[in-house]
Amino acid sequence: MKLTRRWLLEHWMGDWEARSIGRRLTQAGLEVASVTRLDQGLERVEVGCLLEVKQHPEADRLTVCRVDVGAEQLTIVCGARNHRVGDRVAVAREGAVLPNGMKIAISSIRGQRSEGMLASEAELGLAEASEGILILPPDQVPGTSLAPILGRDDDLFELELTPNRGDCLGVRGIARELAALSGIPLRPLQPQVAVTDATSAEIMIEHGHGCPRYVGRVIRGLAMQPSPAWLQHRLEAVGLRSINAVVDVTNYILLDLNHPMHAFDLAQLVMPLCVRGAFPGETLTLLNGTICKLVPEDVLIADARRPLALAGIMGGMETGVTEATTDLFLEVAYFSPTTVTRSGRRHGINSDSRYRFERGVDPEGLVLAMERATELILELCGGRAGPITVADAGTWTPRSPVPLRHERVNRLGGIDLTQADMETVLEHLGCEKRVLQGQICFQPPSHRHDLAQEEDLLEEIVRVHGYDNVTRVLPRIETRPMENDARSHLFSQSTRKMVAMGYLETINYSFVSKALQHRFDPERAAEELVNPISEDMAVLRTSLAPGLLEAARRNLSRANLSLRLFEVGRVFLRSDTALEEKEHLAGLVTGELHPHAWYARSRAVDFFDLKGDLEHLALSQGCMDLVFSPGGPEFLHPGQKALFQTRSHPRPVGWIGMLHPDHQRLLDPSQAVFLFELDMDELRACRSIPDRSEVTLSRFPSLERDFAFMVDDELGAGPFMDAVAGTDPGLIQAVRLFDVYRGDALPAGKKSFAINVVFRAPDRTLTDQEAQELCHRIVETAQRLFGARQR
């Protein structure tokens, strides 16, 4: 929100300096981000009169001008071609530093002395580009400072308002706030408009929820004119470009009274006008050239033939005013913030009108805005004004009165005000005192949509009274030990374990591109964002793997070739009924196992290195019996991937494997990458940490036996070892695989498992005979279940 001090003083009877105004507004919660002088860079720019213009003797494109600047005459070399003798021009004198940073000094141009510069609008910061120098009105006096002529001898405020203070998006709203803060009253605003035309507007509201109130007026016989200098300068000071008098007036009212308005060319309309929802298949071309494909949820202003404007956002191109317009229909309305927000997001259109309607305008200030706009249009363009037509759908009602207990306000706010002081503050803010059933209440003004409960009134009282006047009391804080639930404890333990194993934690966005999502999870439909930041962040991720691989790609491209990365984060999975958020943990390794180590020979990491880390992680969380089985995502190598779970938990916990060679080629340089990913909730569900008080260590010695079995090549080691361990769980303490052999010594389609089996009884020392019997049972089990043959 931008405004100038001079504009503000037209509404407020105070005369504070700009810095004082900015400081008081900021202290009251309306942050003034900056206060700047508009005449910066114009201090040494004056009006000059061209007394003589002649050709430069050494340059065809230059002229030598003799300029009267009041007290003296200057010789200035100029490169423009749009000036002649008698013109009033802007003269930048020696020592000037223009808004564009140009420093002016006496110089010699092609052998000709030049004692300043004839400035253009672009050089003066009045336009982005310009052709030729600035030519001023002929009645300007040479030697006069340029800044007052351009309306730049003023201060510019830039405010950063919170969304709940939509009432301060107009200059009068800021003035109203200053009046409450200072006790200095507002200047009255009472437009005087005579109705001299009998033409009344026909308006119907069919969409009462989207448009509770709509006000219109017909103005005939106007002559379209450029805006006067004061209006152009005022709009330009806050960053708006002047178009014509009518459009400039609607923009002026938007900034002045916080009421967006629109002017239609009456000749292009077929009455009556109707505020309605869009029909299926309707389209509308807006003033900015955007073609909107409308849906029934969009609210439109339409005539008997076609849609005219997208309510609360922007008018249509075909019915806007032009230089040929003589009759117009002027509108101002109160549109539902929700409806405007949804339509704006749906079509991706931002405008000053949308910004204000989303934050709420004053439903009871529509007639005042219409009268003020009409007054200005008639003053600038002439014409005859018809009567105001007010259409009210009856869907807006004032807020209910809010009760106020002054003792509670003092206690919660840390202040000490009398009830009369509080009432004075609220009345200055526009609240109306009422007594309902013996309780003092205040009716919030229609422009304050944020006042709904007693706490809101408390905040207003404290804010106006001054935060610096609040009693400073240290809060009473009761400290309690931090309570971690089992889920949070699991996450922190898992993170610490991964770090202890040498992994670095990564944090990636929850959004990925559609292409990346499809590459790594083509079978699952990802949730698309309505307004993505970019195409690379268009959908919610269903796996952590793409983010880890992108981090690996960036590191590999920067010669970090040995990596251990992990991430704990959320994935988003669409079910039949809802979007589920799940916490996952994923890890990635690539490169050398011991890079640059003196104590061990380095080698490339492999599947079993990552598998060992995964087993350590699972063991640290109480999952002591991980079982691996064939399976896993399609982006993994078909011969080096597996699903894992525990014997006590039937559902898969996650997957592990090597990245498929087709995906490895996307890395630079291309090298083997191994990943795993697990569901933290499934990991927590399969924890089986025994009660340490019930664990007894056997004091009897163990026996070990080694076996070698020839089995089918398709048989996995996991099921085979589980079957061996299940031969006698009470006596078989551990089964370990220590060799897998394939070679010419075995028949085709066969391989050999070499396993070590540990026997131990909890209550006695096993005899050789008992051990021998166990060995026979193990061999029989292997033969019976898998057709294995002992070697």
# chains A, B, ... in the order shown; residues from 1 in each chain; ligands from 1
>>> residues_around(residues="Arg553 in chain A", least_positions_apart="3", cutoff="7 Å", atoms="only C-alpha atoms", output="PyMOL selection string")
chain A and resi 549-550+556-557+667-668
>>> write_last_selection(atoms="N, CA, C and O atoms", output="compact mmCIF listing (two decimals), in the first residue's frame")
# COMPACT_ATOMS: atom_id res chain seq x y z
N LEU A 549 18.38 -39.40 -5.03
CA LEU A 549 19.11 -39.56 -6.28
C LEU A 549 19.49 -38.20 -6.88
O LEU A 549 20.56 -38.05 -7.46
N GLU A 550 18.61 -37.21 -6.73
CA GLU A 550 18.94 -35.87 -7.22
C GLU A 550 20.10 -35.29 -6.42
O GLU A 550 21.00 -34.64 -6.97
N LEU A 556 27.82 -35.96 -7.38
CA LEU A 556 28.70 -36.65 -8.33
C LEU A 556 29.18 -35.69 -9.41
O LEU A 556 30.34 -35.76 -9.85
N SER A 557 28.32 -34.78 -9.84
CA SER A 557 28.73 -33.83 -10.88
C SER A 557 29.77 -32.84 -10.37
O SER A 557 30.42 -32.17 -11.16
N LEU A 667 23.32 -40.33 -14.19
CA LEU A 667 24.27 -39.74 -13.27
C LEU A 667 25.54 -39.34 -14.00
O LEU A 667 25.86 -39.89 -15.05
N ASP A 668 26.28 -38.40 -13.43
CA ASP A 668 27.51 -37.92 -14.07
C ASP A 668 28.58 -37.76 -13.00
O ASP A 668 28.55 -36.81 -12.21
>>> select_by_dssp(residues="range 218-384 of chain A", states="alpha helix (DSSP H)", output="PyMOL selection string")
chain A and resi 229-237+245-257+337-347+352-359+366-381
>>> closest_atom_pairs(of="range 459-542 of chain A", to="range 584-592 of chain A", cutoff="12 Å", atoms="only C-alpha atoms", output="JSON lines")
{"residue": "A:Leu490", "atom": "CA", "partner": "A:Leu585", "partner_atom": "CA", "distance": 11.1}
{"residue": "A:Phe491", "atom": "CA", "partner": "A:Leu585", "partner_atom": "CA", "distance": 8.9}
{"residue": "A:Ser492", "atom": "CA", "partner": "A:Leu585", "partner_atom": "CA", "distance": 11.5}
{"residue": "A:Gln493", "atom": "CA", "partner": "A:Leu585", "partner_atom": "CA", "distance": 12.0}
{"residue": "A:Ser494", "atom": "CA", "partner": "A:Leu585", "partner_atom": "CA", "distance": 8.5}
{"residue": "A:Thr495", "atom": "CA", "partner": "A:Leu585", "partner_atom": "CA", "distance": 8.9}
{"residue": "A:Lys497", "atom": "CA", "partner": "A:Gly587", "partner_atom": "CA", "distance": 11.9}
{"residue": "A:Met498", "atom": "CA", "partner": "A:Gly587", "partner_atom": "CA", "distance": 8.5}
{"residue": "A:Val499", "atom": "CA", "partner": "A:Gly587", "partner_atom": "CA", "distance": 11.0}
{"residue": "A:Met501", "atom": "CA", "partner": "A:Gly587", "partner_atom": "CA", "distance": 11.2}
{"residue": "A:Gly502", "atom": "CA", "partner": "A:Val589", "partner_atom": "CA", "distance": 10.4}
{"residue": "A:Tyr503", "atom": "CA", "partner": "A:Gly587", "partner_atom": "CA", "distance": 8.1}
{"residue": "A:Leu504", "atom": "CA", "partner": "A:Gly587", "partner_atom": "CA", "distance": 9.4}
{"residue": "A:Glu505", "atom": "CA", "partner": "A:Gly587", "partner_atom": "CA", "distance": 9.1}
{"residue": "A:Thr506", "atom": "CA", "partner": "A:Gly587", "partner_atom": "CA", "distance": 9.9}
{"residue": "A:Ile507", "atom": "CA", "partner": "A:Ala586", "partner_atom": "CA", "distance": 11.4}
{"residue": "A:Asn508", "atom": "CA", "partner": "A:Ala586", "partner_atom": "CA", "distance": 11.9}
{"residue": "A:Arg541", "atom": "CA", "partner": "A:His584", "partner_atom": "CA", "distance": 11.4}
{"residue": "A:Thr542", "atom": "CA", "partner": "A:His584", "partner_atom": "CA", "distance": 9.9}
>>> write_last_selection(atoms="all heavy atoms", output="short mmCIF file (atom, residue, chain, number, x, y, z; two decimals), in the first residue's frame")
data_model
loop_
_atom_site.label_atom_id
_atom_site.label_comp_id
_atom_site.auth_asym_id
_atom_site.auth_seq_id
_atom_site.Cartn_x
_atom_site.Cartn_y
_atom_site.Cartn_z
N LEU A 490 11.40 -43.16 18.03
CA LEU A 490 11.90 -43.99 16.94
C LEU A 490 12.60 -43.14 15.88
O LEU A 490 13.68 -43.49 15.38
CB LEU A 490 10.75 -44.78 16.31
CG LEU A 490 11.07 -45.57 15.04
CD1 LEU A 490 12.06 -46.69 15.35
CD2 LEU A 490 9.79 -46.15 14.43
N PHE A 491 12.01 -42.00 15.52
CA PHE A 491 12.60 -41.14 14.50
C PHE A 491 13.96 -40.63 14.95
O PHE A 491 14.94 -40.65 14.19
CB PHE A 491 11.68 -39.96 14.20
CG PHE A 491 10.38 -40.35 13.54
CD1 PHE A 491 9.32 -39.47 13.49
CD2 PHE A 491 10.21 -41.62 13.01
CE1 PHE A 491 8.13 -39.82 12.89
CE2 PHE A 491 9.02 -41.99 12.42
CZ PHE A 491 7.97 -41.10 12.36
N SER A 492 14.05 -40.14 16.20
CA SER A 492 15.32 -39.59 16.66
C SER A 492 16.38 -40.68 16.79
O SER A 492 17.55 -40.47 16.43
CB SER A 492 15.12 -38.87 17.99
OG SER A 492 14.66 -39.77 18.99
N GLN A 493 15.99 -41.86 17.26
CA GLN A 493 16.94 -42.97 17.36
C GLN A 493 17.45 -43.39 15.98
O GLN A 493 18.66 -43.64 15.80
CB GLN A 493 16.29 -44.17 18.05
CG GLN A 493 16.35 -44.14 19.55
CD GLN A 493 15.96 -45.46 20.16
OE1 GLN A 493 15.17 -46.21 19.58
NE2 GLN A 493 16.51 -45.77 21.31
N SER A 494 16.55 -43.48 15.02
CA SER A 494 16.94 -43.89 13.67
C SER A 494 17.89 -42.87 13.06
O SER A 494 18.87 -43.24 12.41
CB SER A 494 15.70 -44.07 12.80
OG SER A 494 14.83 -45.05 13.33
N THR A 495 17.60 -41.59 13.26
CA THR A 495 18.47 -40.54 12.72
C THR A 495 19.87 -40.63 13.33
O THR A 495 20.88 -40.57 12.62
CB THR A 495 17.86 -39.16 12.99
OG1 THR A 495 16.59 -39.07 12.33
CG2 THR A 495 18.76 -38.05 12.47
N LYS A 497 21.31 -43.25 14.61
CA LYS A 497 21.98 -44.47 14.16
C LYS A 497 22.55 -44.29 12.77
O LYS A 497 23.69 -44.70 12.49
CB LYS A 497 20.99 -45.64 14.18
CG LYS A 497 21.63 -46.99 13.79
CD LYS A 497 22.72 -47.38 14.76
CE LYS A 497 23.32 -48.73 14.40
NZ LYS A 497 24.42 -49.10 15.30
N MET A 498 21.79 -43.65 11.86
CA MET A 498 22.29 -43.44 10.51
C MET A 498 23.51 -42.52 10.53
O MET A 498 24.49 -42.77 9.81
CB MET A 498 21.20 -42.83 9.63
CG MET A 498 20.01 -43.75 9.37
SD MET A 498 20.44 -45.24 8.44
CE MET A 498 20.84 -44.55 6.85
N VAL A 499 23.48 -41.49 11.35
CA VAL A 499 24.63 -40.59 11.45
C VAL A 499 25.83 -41.35 12.02
O VAL A 499 26.97 -41.18 11.57
CB VAL A 499 24.28 -39.37 12.32
CG1 VAL A 499 25.52 -38.54 12.61
CG2 VAL A 499 23.22 -38.52 11.63
N MET A 501 26.57 -44.36 11.61
CA MET A 501 27.12 -45.26 10.59
C MET A 501 27.78 -44.49 9.44
O MET A 501 28.17 -45.08 8.44
CB MET A 501 26.03 -46.18 10.04
CG MET A 501 25.53 -47.19 11.06
SD MET A 501 24.45 -48.46 10.35
CE MET A 501 23.04 -47.48 9.85
N GLY A 502 27.89 -43.17 9.57
CA GLY A 502 28.61 -42.39 8.58
C GLY A 502 27.76 -41.76 7.50
O GLY A 502 28.30 -41.25 6.52
N TYR A 503 26.44 -41.75 7.67
CA TYR A 503 25.55 -41.17 6.67
C TYR A 503 25.33 -39.68 6.97
O TYR A 503 25.33 -39.26 8.13
CB TYR A 503 24.20 -41.89 6.66
CG TYR A 503 24.23 -43.26 6.04
CD1 TYR A 503 24.75 -44.35 6.73
CD2 TYR A 503 23.74 -43.47 4.76
CE1 TYR A 503 24.78 -45.61 6.16
CE2 TYR A 503 23.76 -44.74 4.18
CZ TYR A 503 24.28 -45.80 4.88
OH TYR A 503 24.30 -47.04 4.31
N LEU A 504 25.13 -38.90 5.92
CA LEU A 504 24.80 -37.48 6.04
C LEU A 504 23.32 -37.30 5.75
O LEU A 504 22.80 -37.84 4.77
CB LEU A 504 25.62 -36.64 5.05
CG LEU A 504 27.13 -36.63 5.27
CD1 LEU A 504 27.80 -35.83 4.15
CD2 LEU A 504 27.50 -36.03 6.62
N GLU A 505 22.65 -36.51 6.59
CA GLU A 505 21.21 -36.31 6.41
C GLU A 505 20.96 -35.25 5.35
O GLU A 505 21.61 -34.21 5.31
CB GLU A 505 20.56 -35.88 7.72
CG GLU A 505 19.04 -35.76 7.60
CD GLU A 505 18.36 -35.46 8.92
OE1 GLU A 505 19.08 -35.16 9.90
OE2 GLU A 505 17.12 -35.52 8.97
N THR A 506 20.00 -35.52 4.48
CA THR A 506 19.56 -34.56 3.48
C THR A 506 18.12 -34.15 3.78
O THR A 506 17.36 -34.92 4.39
CB THR A 506 19.63 -35.14 2.05
OG1 THR A 506 18.68 -36.20 1.93
CG2 THR A 506 21.02 -35.68 1.76
N ILE A 507 17.75 -32.96 3.36
CA ILE A 507 16.38 -32.48 3.49
C ILE A 507 15.95 -31.98 2.12
O ILE A 507 16.51 -31.02 1.60
CB ILE A 507 16.26 -31.36 4.53
CG1 ILE A 507 16.72 -31.87 5.91
CG2 ILE A 507 14.83 -30.85 4.61
CD1 ILE A 507 16.74 -30.79 6.97
N ASN A 508 14.98 -32.65 1.53
CA ASN A 508 14.51 -32.31 0.19
C ASN A 508 13.09 -31.80 0.23
O ASN A 508 12.34 -32.04 1.19
CB ASN A 508 14.59 -33.55 -0.73
CG ASN A 508 16.01 -34.01 -0.95
OD1 ASN A 508 16.84 -33.27 -1.44
ND2 ASN A 508 16.31 -35.24 -0.57
N ARG A 541 5.51 -36.04 -3.63
CA ARG A 541 6.31 -37.25 -3.81
C ARG A 541 5.64 -38.46 -3.16
O ARG A 541 4.98 -38.34 -2.12
CB ARG A 541 7.71 -37.05 -3.22
CG ARG A 541 7.72 -36.85 -1.71
CD ARG A 541 9.11 -36.51 -1.21
NE ARG A 541 9.13 -36.26 0.24
CZ ARG A 541 10.18 -35.86 0.91
NH1 ARG A 541 11.33 -35.63 0.26
NH2 ARG A 541 10.12 -35.66 2.22
N THR A 542 5.83 -39.62 -3.76
CA THR A 542 5.36 -40.88 -3.19
C THR A 542 6.52 -41.73 -2.70
O THR A 542 6.32 -42.83 -2.20
CB THR A 542 4.56 -41.68 -4.24
OG1 THR A 542 5.40 -41.95 -5.37
CG2 THR A 542 3.34 -40.89 -4.69
#
>>> residues_around(residues="Val367 in chain A", least_positions_apart="4", cutoff="12 Å", atoms="only C-alpha atoms", output="ChimeraX atom specification")
/A:190-191,193,213-217,257,259,261,330-334,362-363,371-374,387-391
>>> write_last_selection(atoms="N, CA, C and O atoms", output="JSON list (two decimals), in the first residue's frame")
[["chain", "number", "residue", "atom", "x", "y", "z"],
["A", 190, "GLN", "N", -18.17, 14.83, 1.79],
["A", 190, "GLN", "CA", -19.57, 14.94, 1.42],
["A", 190, "GLN", "C", -19.68, 15.37, -0.04],
["A", 190, "GLN", "O", -19.82, 16.56, -0.35],
["A", 191, "PRO", "N", -19.56, 14.42, -0.96],
["A", 191, "PRO", "CA", -19.65, 14.75, -2.39],
["A", 191, "PRO", "C", -21.01, 15.38, -2.72],
["A", 191, "PRO", "O", -22.04, 15.00, -2.15],
["A", 193, "VAL", "N", -23.47, 15.90, -5.80],
["A", 193, "VAL", "CA", -23.80, 15.48, -7.17],
["A", 193, "VAL", "C", -25.27, 15.78, -7.42],
["A", 193, "VAL", "O", -26.14, 15.34, -6.66],
["A", 213, "ARG", "N", -24.26, -6.99, -2.51],
["A", 213, "ARG", "CA", -24.72, -5.65, -2.87],
["A", 213, "ARG", "C", -24.04, -5.18, -4.14],
["A", 213, "ARG", "O", -22.86, -5.45, -4.37],
["A", 214, "TYR", "N", -24.82, -4.46, -4.95],
["A", 214, "TYR", "CA", -24.31, -3.94, -6.22],
["A", 214, "TYR", "C", -24.95, -2.58, -6.45],
["A", 214, "TYR", "O", -26.17, -2.42, -6.35],
["A", 215, "VAL", "N", -24.10, -1.58, -6.75],
["A", 215, "VAL", "CA", -24.57, -0.20, -6.94],
["A", 215, "VAL", "C", -24.13, 0.27, -8.32],
["A", 215, "VAL", "O", -22.97, 0.07, -8.72],
["A", 216, "GLY", "N", -25.04, 0.89, -9.05],
["A", 216, "GLY", "CA", -24.73, 1.36, -10.40],
["A", 216, "GLY", "C", -25.34, 2.71, -10.69],
["A", 216, "GLY", "O", -26.27, 3.16, -10.03],
["A", 217, "ARG", "N", -24.80, 3.37, -11.72],
["A", 217, "ARG", "CA", -25.30, 4.69, -12.13],
["A", 217, "ARG", "C", -24.96, 4.92, -13.59],
["A", 217, "ARG", "O", -23.87, 4.55, -14.04],
["A", 257, "LEU", "N", -10.58, 5.44, -1.38],
["A", 257, "LEU", "CA", -11.64, 4.96, -0.50],
["A", 257, "LEU", "C", -11.67, 3.45, -0.36],
["A", 257, "LEU", "O", -12.57, 2.92, 0.31],
["A", 259, "HIS", "N", -12.40, 1.20, -2.61],
["A", 259, "HIS", "CA", -13.56, 0.63, -3.29],
["A", 259, "HIS", "C", -13.21, 0.44, -4.77],
["A", 259, "HIS", "O", -13.17, 1.40, -5.54],
["A", 261, "MET", "N", -13.77, 0.00, -8.56],
["A", 261, "MET", "CA", -14.88, 0.41, -9.42],
["A", 261, "MET", "C", -14.57, 0.02, -10.85],
["A", 261, "MET", "O", -13.41, -0.22, -11.21],
["A", 330, "LEU", "N", -21.44, 3.15, -14.50],
["A", 330, "LEU", "CA", -20.43, 3.08, -13.45],
["A", 330, "LEU", "C", -20.91, 2.13, -12.36],
["A", 330, "LEU", "O", -22.07, 2.23, -11.93],
["A", 331, "GLU", "N", -20.04, 1.21, -11.94],
["A", 331, "GLU", "CA", -20.43, 0.23, -10.91],
["A", 331, "GLU", "C", -19.48, 0.27, -9.73],
["A", 331, "GLU", "O", -18.29, 0.59, -9.86],
["A", 332, "VAL", "N", -20.02, -0.07, -8.56],
["A", 332, "VAL", "CA", -19.23, -0.36, -7.37],
["A", 332, "VAL", "C", -20.04, -1.40, -6.60],
["A", 332, "VAL", "O", -21.27, -1.33, -6.56],
["A", 333, "ALA", "N", -19.35, -2.39, -6.01],
["A", 333, "ALA", "CA", -20.08, -3.52, -5.44],
["A", 333, "ALA", "C", -19.33, -4.08, -4.24],
["A", 333, "ALA", "O", -18.18, -3.73, -3.96],
["A", 334, "TYR", "N", -20.04, -4.95, -3.53],
["A", 334, "TYR", "CA", -19.43, -5.76, -2.48],
["A", 334, "TYR", "C", -19.54, -7.21, -2.92],
["A", 334, "TYR", "O", -20.63, -7.77, -2.96],
["A", 362, "ASP", "N", -15.89, -2.23, 2.38],
["A", 362, "ASP", "CA", -16.98, -1.77, 3.24],
["A", 362, "ASP", "C", -18.32, -1.89, 2.51],
["A", 362, "ASP", "O", -18.58, -1.14, 1.56],
["A", 363, "PRO", "N", -19.21, -2.80, 2.92],
["A", 363, "PRO", "CA", -20.49, -2.94, 2.22],
["A", 363, "PRO", "C", -21.37, -1.70, 2.33],
["A", 363, "PRO", "O", -22.24, -1.49, 1.47],
["A", 371, "GLU", "N", -20.79, 8.34, -5.28],
["A", 371, "GLU", "CA", -20.99, 9.78, -5.34],
["A", 371, "GLU", "C", -19.67, 10.51, -5.56],
["A", 371, "GLU", "O", -19.60, 11.47, -6.35],
["A", 372, "ARG", "N", -18.62, 10.08, -4.87],
["A", 372, "ARG", "CA", -17.33, 10.76, -5.03],
["A", 372, "ARG", "C", -16.78, 10.56, -6.44],
["A", 372, "ARG", "O", -16.26, 11.50, -7.06],
["A", 373, "ALA", "N", -16.90, 9.35, -6.98],
["A", 373, "ALA", "CA", -16.42, 9.09, -8.34],
["A", 373, "ALA", "C", -17.23, 9.89, -9.35],
["A", 373, "ALA", "O", -16.67, 10.48, -10.29],
["A", 374, "THR", "N", -18.54, 9.96, -9.16],
["A", 374, "THR", "CA", -19.38, 10.74, -10.07],
["A", 374, "THR", "C", -19.00, 12.22, -10.03],
["A", 374, "THR", "O", -18.91, 12.89, -11.07],
["A", 387, "PRO", "N", -29.81, 8.75, -11.53],
["A", 387, "PRO", "CA", -29.95, 8.35, -10.12],
["A", 387, "PRO", "C", -29.13, 7.09, -9.83],
["A", 387, "PRO", "O", -28.86, 6.28, -10.71],
["A", 388, "ILE", "N", -28.76, 6.91, -8.58],
["A", 388, "ILE", "CA", -28.05, 5.71, -8.15],
["A", 388, "ILE", "C", -29.04, 4.57, -7.96],
["A", 388, "ILE", "O", -30.11, 4.75, -7.37],
["A", 389, "THR", "N", -28.69, 3.41, -8.50],
["A", 389, "THR", "CA", -29.48, 2.20, -8.32],
["A", 389, "THR", "C", -28.74, 1.26, -7.37],
["A", 389, "THR", "O", -27.57, 0.93, -7.61],
["A", 390, "VAL", "N", -29.39, 0.88, -6.27],
["A", 390, "VAL", "CA", -28.79, -0.03, -5.29],
["A", 390, "VAL", "C", -29.54, -1.35, -5.33],
["A", 390, "VAL", "O", -30.75, -1.40, -5.09],
["A", 391, "ALA", "N", -28.83, -2.42, -5.67],
["A", 391, "ALA", "CA", -29.40, -3.77, -5.65],
["A", 391, "ALA", "C", -28.84, -4.50, -4.44],
["A", 391, "ALA", "O", -27.63, -4.61, -4.28]]
>>> residues_around(residues="range 137-151 of chain A", least_positions_apart="4", cutoff="6 Å", atoms="only C-alpha atoms", output="count of residues only")
10
>>> select_by_dssp(residues="range 15-209 of chain A", states="strand (DSSP E or B)", output="PyMOL selection string")
chain A and resi 31-37+45-55+63-68+73-78+88-93+97+103+107-109+112-114+116-118+135-136+145+155-160+186+195+203-205
>>> residues_around(residues="Gln268 in chain A", least_positions_apart="6", cutoff="10 Å", atoms="only C-alpha atoms", output="list in words")
Asp303, Leu308, Glu318, Thr319, Gly320, Val321, Thr325, Asp327 and Leu328 of chain A
>>> residues_around(residues="Leu51 in chain A", least_positions_apart="6", cutoff="8 Å", atoms="only C-alpha atoms", output="PyMOL selection string")
chain A and resi 65-68+85-86
>>> residues_around(residues="Arg684 in chain A", least_positions_apart="2", cutoff="8 Å", atoms="only C-alpha atoms", output="ChimeraX atom specification")
/A:487,490,621,680-682,686-687
>>> closest_residue(among="A:Thr765, A:Thr341, A:Thr646, A:Thr26", to="Leu703 in chain A", atoms="only C-alpha atoms")
A:Thr765
>>> closest_residue(among="A:Ala267, A:Ala129, A:Cys441, A:Cys623", to="Glu427 in chain A", atoms="only C-alpha atoms")
A:Cys441
>>> atom_distance(atom1="CA of Asp421 in chain A", atom2="CA of His406 in chain A")
9.8 Å
